[in-house]
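Peer 1: Quick one, start04.cif (mmCIF, C-alpha atoms):
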data_upload
#
loop_
_atom_site.group_PDB
_atom_site.id
_atom_site.type_symbol
_atom_site.label_atom_id
_atom_site.label_comp_id
_atom_site.auth_asym_id
_atom_site.auth_seq_id
_atom_site.Cartn_x
_atom_site.Cartn_y
_atom_site.Cartn_z
ATOM 1 C CA MET I 1 62.553 47.647 8.709
ATOM 2 C CA ILE I 2 59.488 46.168 7.014
ATOM 3 C CA ASP I 3 57.873 45.823 10.428
ATOM 4 C CA ASP I 4 58.431 49.560 10.964
ATOM 5 C CA VAL I 5 56.764 50.269 7.607
ATOM 6 C CA ARG I 6 53.850 48.036 8.604
ATOM 7 C CA ARG I 7 53.422 49.814 11.944
ATOM 8 C CA ILE I 8 53.510 53.253 10.286
ATOM 9 C CA LEU I 9 50.998 52.263 7.599
ATOM 10 C CA VAL I 10 48.637 50.736 10.153
ATOM 11 C CA ARG I 11 48.925 53.807 12.408
ATOM 12 C CA GLU I 12 48.272 56.243 9.550
ATOM 13 C CA LEU I 13 45.414 54.239 8.032
ATOM 14 C CA GLU I 14 43.729 54.009 11.433
ATOM 15 C CA ALA I 15 44.137 57.790 11.874
ATOM 16 C CA PHE I 16 42.712 58.300 8.362
ATOM 17 C CA ALA I 17 39.691 56.131 9.245
ATOM 18 C CA ARG I 18 39.110 58.136 12.444
ATOM 19 C CA GLU I 19 39.359 61.403 10.484
ATOM 20 C CA VAL I 20 36.809 60.143 7.961
ATOM 21 C CA GLU I 21 34.436 59.269 10.806
ATOM 22 C CA LEU I 22 34.842 62.789 12.236
ATOM 23 C CA PHE I 23 33.428 64.506 9.144
ATOM 24 C CA PRO I 24 30.209 66.227 10.255
ATOM 25 C CA ASP I 25 28.126 64.365 7.666
ATOM 26 C CA ASP I 26 28.489 62.154 4.616
ATOM 27 C CA ASP I 27 28.075 64.995 2.103
ATOM 28 C CA VAL I 28 31.054 66.941 3.452
ATOM 29 C CA LEU I 29 33.316 63.915 2.885
ATOM 30 C CA TRP I 30 32.633 64.147 -0.854
ATOM 31 C CA ARG I 31 32.829 67.931 -1.322
ATOM 32 C CA THR I 32 35.692 69.470 -3.253
ATOM 33 C CA PRO I 33 36.536 73.053 -2.356
ATOM 34 C CA PRO I 34 37.588 75.356 -5.201
ATOM 35 C CA GLY I 35 41.048 74.475 -6.469
ATOM 36 C CA ILE I 36 40.915 70.936 -5.044
ATOM 37 C CA THR I 37 40.453 68.126 -7.559
ATOM 38 C CA ASN I 38 39.490 65.192 -5.342
ATOM 39 C CA SER I 39 37.363 64.882 -2.238
ATOM 40 C CA ALA I 40 38.591 63.335 0.997
ATOM 41 C CA GLY I 41 36.363 60.350 0.229
ATOM 42 C CA ASN I 42 38.020 59.791 -3.156
ATOM 43 C CA LEU I 43 41.499 60.212 -1.666
ATOM 44 C CA ALA I 44 40.696 57.614 0.977
ATOM 45 C CA LEU I 45 39.488 55.146 -1.670
ATOM 46 C CA HIS I 46 42.578 55.916 -3.768
ATOM 47 C CA ALA I 47 44.906 55.237 -0.816
ATOM 48 C CA CYS I 48 43.113 51.923 -0.246
ATOM 49 C CA GLY I 49 43.431 51.002 -3.918
ATOM 50 C CA ASN I 50 47.146 51.845 -3.973
ATOM 51 C CA LEU I 51 47.970 49.826 -0.882
ATOM 52 C CA LYS I 52 45.768 46.871 -1.752
ATOM 53 C CA HIS I 53 47.446 46.765 -5.157
ATOM 54 C CA PHE I 54 51.079 47.280 -4.187
ATOM 55 C CA VAL I 55 51.117 45.520 -0.817
ATOM 56 C CA GLY I 56 48.358 42.980 -1.394
ATOM 57 C CA ALA I 57 48.782 42.057 -5.045
ATOM 58 C CA ALA I 58 52.405 42.927 -5.878
ATOM 59 C CA LEU I 59 54.015 41.789 -2.607
ATOM 60 C CA GLY I 60 51.443 39.336 -1.328
ATOM 61 C CA GLY I 61 50.136 37.879 -4.569
ATOM 62 C CA ASN I 62 46.572 37.994 -3.250
ATOM 63 C CA GLY I 63 45.034 38.582 -6.685
ATOM 64 C CA TYR I 64 43.570 42.013 -5.912
ATOM 65 C CA GLN I 65 42.454 43.726 -9.121
ATOM 66 C CA ARG I 66 42.655 47.491 -8.890
ATOM 67 C CA ASP I 67 39.857 49.605 -10.364
ATOM 68 C CA ARG I 68 40.912 53.261 -10.403
ATOM 69 C CA GLU I 69 37.529 54.285 -11.791
ATOM 70 C CA VAL I 70 35.895 53.025 -8.596
ATOM 71 C CA GLU I 71 38.414 55.044 -6.561
ATOM 72 C CA PHE I 72 37.647 58.355 -8.269
ATOM 73 C CA ALA I 73 34.103 58.071 -9.639
ATOM 74 C CA PRO I 74 32.042 58.154 -6.417
ATOM 75 C CA ARG I 75 30.746 61.538 -5.377
ATOM 76 C CA SER I 76 28.685 60.252 -2.473
ATOM 77 C CA GLY I 77 28.695 57.487 0.075
ATOM 78 C CA ARG I 78 28.664 56.803 3.774
ATOM 79 C CA ARG I 79 31.537 57.732 6.060
ATOM 80 C CA GLU I 80 31.216 54.346 7.731
ATOM 81 C CA ASP I 81 31.781 52.563 4.415
ATOM 82 C CA VAL I 82 34.906 54.580 3.626
ATOM 83 C CA ALA I 83 36.289 54.002 7.141
ATOM 84 C CA ARG I 84 35.559 50.280 6.711
ATOM 85 C CA GLN I 85 37.549 50.263 3.445
ATOM 86 C CA LEU I 86 40.481 51.880 5.251
ATOM 87 C CA ARG I 87 40.322 49.262 8.004
ATOM 88 C CA GLU I 88 40.116 46.461 5.425
ATOM 89 C CA THR I 89 43.313 47.888 3.959
ATOM 90 C CA ILE I 90 44.883 47.703 7.423
ATOM 91 C CA GLY I 91 44.029 44.004 7.352
ATOM 92 C CA VAL I 92 45.836 43.553 4.032
ATOM 93 C CA VAL I 93 48.910 45.453 5.216
ATOM 94 C CA SER I 94 48.972 43.533 8.518
ATOM 95 C CA ALA I 95 48.619 40.174 6.791
ATOM 96 C CA VAL I 96 51.046 40.679 3.904
ATOM 97 C CA LEU I 97 53.972 42.655 5.289
ATOM 98 C CA PRO I 98 55.013 40.136 7.986
ATOM 99 C CA GLU I 99 54.849 37.480 5.268
ATOM 100 C CA ALA I 100 57.031 39.678 3.048
ATOM 101 C CA VAL I 101 59.628 39.756 5.841
ATOM 102 C CA ASP I 102 59.607 35.941 5.935
ATOM 103 C CA ILE I 103 59.919 35.725 2.146
ATOM 104 C CA THR I 104 62.792 38.236 2.134
ATOM 105 C CA ALA I 105 64.635 36.358 4.883
ATOM 106 C CA ARG I 106 64.109 33.039 3.075
ATOM 107 C CA ARG I 107 65.406 34.490 -0.216
ATOM 108 C CA GLN I 108 68.467 35.895 1.550
ATOM 109 C CA ALA I 109 69.169 32.524 3.171
ATOM 110 C CA GLU I 110 68.748 30.739 -0.176
ATOM 111 C CA GLU I 111 71.115 33.212 -1.857
ATOM 112 C CA ALA I 112 73.704 32.734 0.889
ATOM 113 C CA GLN I 113 73.421 28.968 0.483
ATOM 114 C CA ARG I 114 73.865 29.215 -3.312
ATOM 115 C CA HIS I 115 76.882 31.461 -2.828
ATOM 116 C CA SER I 116 78.383 28.990 -0.363
ATOM 117 C CA GLN I 117 77.779 26.085 -2.748
ATOM 118 C CA ASN I 118 79.407 28.031 -5.587
ATOM 119 C CA MET I 119 82.419 28.762 -3.416
ATOM 120 C CA ASP I 120 82.669 25.050 -2.510
ATOM 121 C CA ALA I 121 82.412 24.047 -6.159
ATOM 122 C CA ASN I 122 85.070 26.588 -7.153
ATOM 123 C CA GLY I 123 87.333 25.291 -4.407
ATOM 124 C CA GLN I 124 86.914 21.722 -5.608
ATOM 125 C CA LEU I 125 87.636 22.738 -9.186
ATOM 126 C CA THR I 126 90.823 24.555 -8.262
ATOM 127 C CA GLY I 127 91.824 22.228 -5.416
ATOM 128 C CA GLY I 128 94.141 20.076 -7.533
ATOM 129 C CA VAL I 129 95.742 23.001 -9.346
ATOM 130 C CA ALA I 130 98.544 24.889 -7.612
#
Could you quickly redo this structure as structure tokens?

Peer 2:
Amino acid sequence: MIDDVRRILVRELEAFAREVELFPDDDVLWRTPPGITNSAGNLALHACGNLKHFVGAALGGNGYQRDREVEFAPRSGRREDVARQLRETIGVVSAVLPEAVDITARRQAEEAQRHSQNMDANGQLTGGVA
């Protein structure tokens, strides 16, 4: 299941990067139409910050320090730089999530072993009592 999540995140982040590159110019990426609070550029940086924090730092322990101000403060920048940030986030997701699968499997195996040892110990304790 985690591999499915990884594939979906990678697919959607790559599509997001392509969409950012398709903006007609850098200024349009940072415009906010009436009634819209954040530009596409800010939303892209926010998505990167979320994933780098939750996948990279929380699951992967990579030490990423999130800075929400940096995600929402910019009102200009190059499309190429935003697309690069999205692709860097793909790298984090691709590196951490397979490792998370390994960690989850190892924890499950350790828990099963502890359970088995507890059952053995309980059997030994009650073995002489009938």

Peer 1: Neighbourhood query: residues within 10 Å of (32.3, 54.1, 8.1), file coordinates, counting only C-alpha atoms; return as number ranges by chain.

Peer 2: I: 17-18, 20-22, 26, 77-87

Peer 1: I need the residue nearest I:Ala15 from this list: I:Met1, I:Ala44, I:Val28, I:Ala57. Use only C-alpha atoms for the distance.

Peer 2: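 That would be I:Ala44, the residue with the smallest distance to I:Ala15.
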
Peer 1: Record the distance separating atom CA of I:Gly56 and atom CA of I:Val92, expressed in Å with one decimal.

Peer 2: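 So the two atoms, atom CA of I:Gly56 and atom CA of I:Val92, lie 6.0 Å apart.
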
Peer 1: Report, in Å to a single decimal, how far apart atom CA of I:Leu13 and atom CA of I:Gln65 are.

Peer 2: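 Computing the Euclidean distance for atom CA of I:Gln65 and atom CA of I:Leu13 yields 20.3 Å.
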
Peer 1: So, with only C-alpha atoms as the atoms that count, which of I:Glu69, I:Asp25, I:Asp3, I:Glu19 lies closest to I:Ala95?

Peer 2: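 For I:Ala95, the nearest of the candidates is I:Asp3.
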
Peer 1: Which residue gives the smallest distance to I:Val96 among I:Gly61, I:Gly49, I:Pro24, I:Pro33, with all atoms listed in the file counted?

Peer 2: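 Result for the nearest residue to I:Val96: I:Gly61.
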
Peer 1: Near I:Arg66, counting all atoms listed in the file, which residues have an atom at most 8 Å away, once you skip same-chain residues fewer than 5 positions from it, shown as a compact mmCIF listing (two decimals) with C-alpha atoms, in the coordinates of the input?

Peer 2:
# COMPACT_ATOMS: atom_id res chain seq x y z
CA GLY I 49 43.43 51.00 -3.92
CA ASN I 50 47.15 51.84 -3.97
CA LYS I 52 45.77 46.87 -1.75
CA HIS I 53 47.45 46.76 -5.16

Peer 1: Between atom CA of I:Phe16 and atom CA of I:Asn62, what is the spacing in Å?

Peer 2: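 These two atoms are separated by 23.7 Å.
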
Peer 1: List the neighbours of I:Asp4 out to 12 Å using all atoms listed in the file; skip same-chain residues closer than 5 positions along the sequence, and give me the result as number ranges by chain.

Peer 2: I: 9-11, 93-94, 97-98, 101

Peer 1: Compare I:Thr89, I:Ser76, I:Asn118, I:Gln113 by their minimum atom-to-atom distance to I:Cys48, counting all atoms listed in the file, and give me the closest one.

Peer 2: I:Thr89

Peer 1: Around (37.7, 66.5, -0.2) in the file's frame, which residues reach within 12 Å when counting all atoms listed in the file? Return as an MDAnalysis selection string?

Peer 2: chainID I and resid 19:20 23 26:45 72 74:76
